[in-house]
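Here's the structure we're looking at; comments come further down.
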Amino acid sequence: MPFQCVAPPLIVIGCCWGRGQRAARARSWEEMQQDFQSIQETHRLYRLKLEELTKLQNNCTSSIARQKKRLQELALVLKRCKPTLSSEAVGAAQELENQMKERQGLFFDMEAYLPKKNGLYLSLVLGNVNVTLLSKQAKFAYKDEYEKFKLYLTIILILISFTCRFLLNSRVTDAAFNFLLVWYYCTLTIRESILINNGSRIKGWWVIHHYVSTFLSGVMLTWPDGLMYQKFRNQFLSFSMYQSFVQFLQYYYQSGCLYRLRALGERHTMDLTVEGFQSWMWRGLTFLLPFLFFGHFWQLFNALTLFNLARDPQCKEWQGESSQVPQPAAQEQEGVSRASTCWPQRGL
């Protein structure tokens, strides 16, 4: 029958170690006991502080909601009364509107550190999980990891698309590449939704573009191997390789611009490499713009190719027809949004 240590700790120490080690082991156990009691007390204080933090979060959230509601009511009153105000009162009303806008921006920064209800997409994917990061360091680390994720996956996509285009002609490798695209864009949409919850000012067109890209990648993944697929395959892989290359260039250009803006204090620490524009950026952008707009025209060419394939009597698949509209729509939206961001800075 095996020996069972049922004796108190000091008796067990006497049984397991020699006489010379008993005193040292006994002191070690006493230190562990004291340390354990300290841990228990620290954990008790932590739980108390956590309860206090939850109460403060709820109080701040409800107070901000009341303030925002009252600001909206005040804005409506000002809008109705503004035509009847005197010239002196108009200036005071304008100053009040500026203060209200400034306060809205302050509320936005405050809410970035408060738990908020997930949107529809995050609720479907993650459920009712609180994704708000409480510290500025944690927010910036998550945003920085998002940027690195995009960079690393862009490099991987360049290599895989090059391999599928020039080295391998297999539906299996094509499916693996398209599955990677689906996973990549799905992951981007989830991470971007979390970043929005944590105060990132991500443009709506950027997120919608990734939703559309997820759908298109799924269409390519389910397209069966056949004559129509082979006619579009090389063009699609070439475009994917070019698009990843342009994204690689765009990342380094915009990350440099964003670093300079943060150093000057003109951008938020949670802004991404797709946000913000200043007139001095045109020096580098003149090199990048031809690549960007060539990609937009290539996307339109892809849509035209898919349109012709869908009209081919030999085309029996639904994938070609379902892809011809979302592709140019996504690129046109991105191109118009990019132009509307850049052109006003040029005074055009």
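By order of appearance in the structure tokens: chains A, B, ..., then residues from 1 within every chain, and ligands from 1 in the order shown.
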Q: With a distance cut-off of 9 Å and only C-alpha atoms, select the neighbouring residues of Cys315 of chain A, excluding the residue or stretch itself and same-chain residues fewer than 5 positions from it, and output the selection as an MDAnalysis selection string.
A: chainID A and resid 227:228 309:310 320
Q: Excluding segment 47-59 of chain A and residues on its chain fewer than 6 positions from it, collect all residues at most 9 Å away from it, counting only C-alpha atoms, and give them as a ChimeraX atom specification.
A: /A:113-115
Output for the residues just chosen: C-alpha atoms as a CSV table (one decimal), in the first residue's frame:
chain,number,residue,atom,x,y,z
A,113,TYR,CA,-12.5,53.4,-22.0
A,114,LEU,CA,-16.0,52.3,-21.0
A,115,PRO,CA,-17.7,49.0,-21.8
Q. What does the distance between atom CA of Phe248 of chain A and atom CA of Lys203 of chain A come to in Å, to one decimal place?
A. 19.6 Å
Q. Using only C-alpha atoms, which residue out of A:Gln314, A:Gln72, A:Ser87, A:Gln235 lies closest to Phe301 of chain A?
A. A:Gln235
**Q.** Nearest candidate to Ile190 of chain A (options A:Gly295, A:Pro83, A:Gly119, A:Pro290; using only C-alpha atoms)
**A.**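 Smallest separation from Ile190 of chain A among the options: A:Gly119.
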Q: Show which residues sit within 8 Å of Tyr211 of chain A, as a PyMOL selection string. Count only C-alpha atoms, and ignore same-chain residues fewer than 6 positions away.
A: chain A and resi 185-186+189
Using the selection just defined, write its residues with C-alpha atoms as an mmCIF file, in the first residue's frame.
data_model
loop_
_atom_site.group_PDB
_atom_site.id
_atom_site.type_symbol
_atom_site.label_atom_id
_atom_site.label_comp_id
_atom_site.auth_asym_id
_atom_site.auth_seq_id
_atom_site.Cartn_x
_atom_site.Cartn_y
_atom_site.Cartn_z
ATOM 1 C CA TYR A 185 -10.897 39.278 -44.497
ATOM 2 C CA CYS A 186 -13.188 37.731 -41.854
ATOM 3 C CA THR A 189 -13.646 42.647 -40.005
#
Q. Near Ser170 of chain A, within 12 Å and counting only C-alpha atoms, which residues show up once chain neighbours fewer than 4 positions away are dropped, as a list of chain:residue names?
A. A:Thr163, A:Cys164, A:Arg165, A:Phe166, A:Asp174, A:Ala175, A:Ala176, A:Phe177, A:Pro224, A:Asp225, A:Gly226, A:Tyr229, A:Gln230, A:Arg233, A:Asn234
Just N, CA and C atoms for this one: save the residues we selected as an mmCIF file, in the first residue's frame.
data_model
loop_
_atom_site.group_PDB
_atom_site.id
_atom_site.type_symbol
_atom_site.label_atom_id
_atom_site.label_comp_id
_atom_site.auth_asym_id
_atom_site.auth_seq_id
_atom_site.Cartn_x
_atom_site.Cartn_y
_atom_site.Cartn_z
ATOM 1 N N THR A 163 2.919 31.747 -56.329
ATOM 2 C CA THR A 163 3.099 30.298 -56.489
ATOM 3 C C THR A 163 1.959 29.690 -57.289
ATOM 4 N N CYS A 164 0.725 30.071 -56.965
ATOM 5 C CA CYS A 164 -0.429 29.528 -57.690
ATOM 6 C C CYS A 164 -0.456 30.006 -59.137
ATOM 7 N N ARG A 165 0.007 31.222 -59.378
ATOM 8 C CA ARG A 165 -0.061 31.778 -60.740
ATOM 9 C C ARG A 165 1.003 31.197 -61.648
ATOM 10 N N PHE A 166 2.223 31.022 -61.169
ATOM 11 C CA PHE A 166 3.332 30.676 -62.057
ATOM 12 C C PHE A 166 3.916 29.288 -61.817
ATOM 13 N N ASP A 174 -5.416 26.405 -55.278
ATOM 14 C CA ASP A 174 -6.269 27.578 -55.458
ATOM 15 C C ASP A 174 -7.293 27.690 -54.334
ATOM 16 N N ALA A 175 -7.875 26.543 -53.958
ATOM 17 C CA ALA A 175 -8.860 26.547 -52.871
ATOM 18 C C ALA A 175 -8.213 26.956 -51.552
ATOM 19 N N ALA A 176 -6.990 26.486 -51.318
ATOM 20 C CA ALA A 176 -6.285 26.871 -50.090
ATOM 21 C C ALA A 176 -6.024 28.380 -50.071
ATOM 22 N N PHE A 177 -5.648 28.932 -51.232
ATOM 23 C CA PHE A 177 -5.405 30.373 -51.321
ATOM 24 C C PHE A 177 -6.692 31.157 -51.075
ATOM 25 N N PRO A 224 -16.488 25.885 -58.853
ATOM 26 C CA PRO A 224 -15.924 24.581 -59.250
ATOM 27 C C PRO A 224 -14.966 24.716 -60.426
ATOM 28 N N ASP A 225 -14.033 23.794 -60.487
ATOM 29 C CA ASP A 225 -13.054 23.792 -61.574
ATOM 30 C C ASP A 225 -13.748 23.460 -62.884
ATOM 31 N N GLY A 226 -13.509 24.278 -63.879
ATOM 32 C CA GLY A 226 -14.138 24.084 -65.176
ATOM 33 C C GLY A 226 -13.604 25.090 -66.171
ATOM 34 N N TYR A 229 -13.939 28.804 -64.944
ATOM 35 C CA TYR A 229 -12.994 29.090 -63.860
ATOM 36 C C TYR A 229 -11.580 29.249 -64.402
ATOM 37 N N GLN A 230 -11.188 28.372 -65.307
ATOM 38 C CA GLN A 230 -9.840 28.438 -65.866
ATOM 39 C C GLN A 230 -9.637 29.699 -66.695
ATOM 40 N N ARG A 233 -9.094 32.340 -63.951
ATOM 41 C CA ARG A 233 -8.155 32.007 -62.881
ATOM 42 C C ARG A 233 -6.894 32.864 -62.919
ATOM 43 N N ASN A 234 -6.195 32.862 -64.051
ATOM 44 C CA ASN A 234 -4.918 33.577 -64.125
ATOM 45 C C ASN A 234 -5.094 35.079 -63.918
#
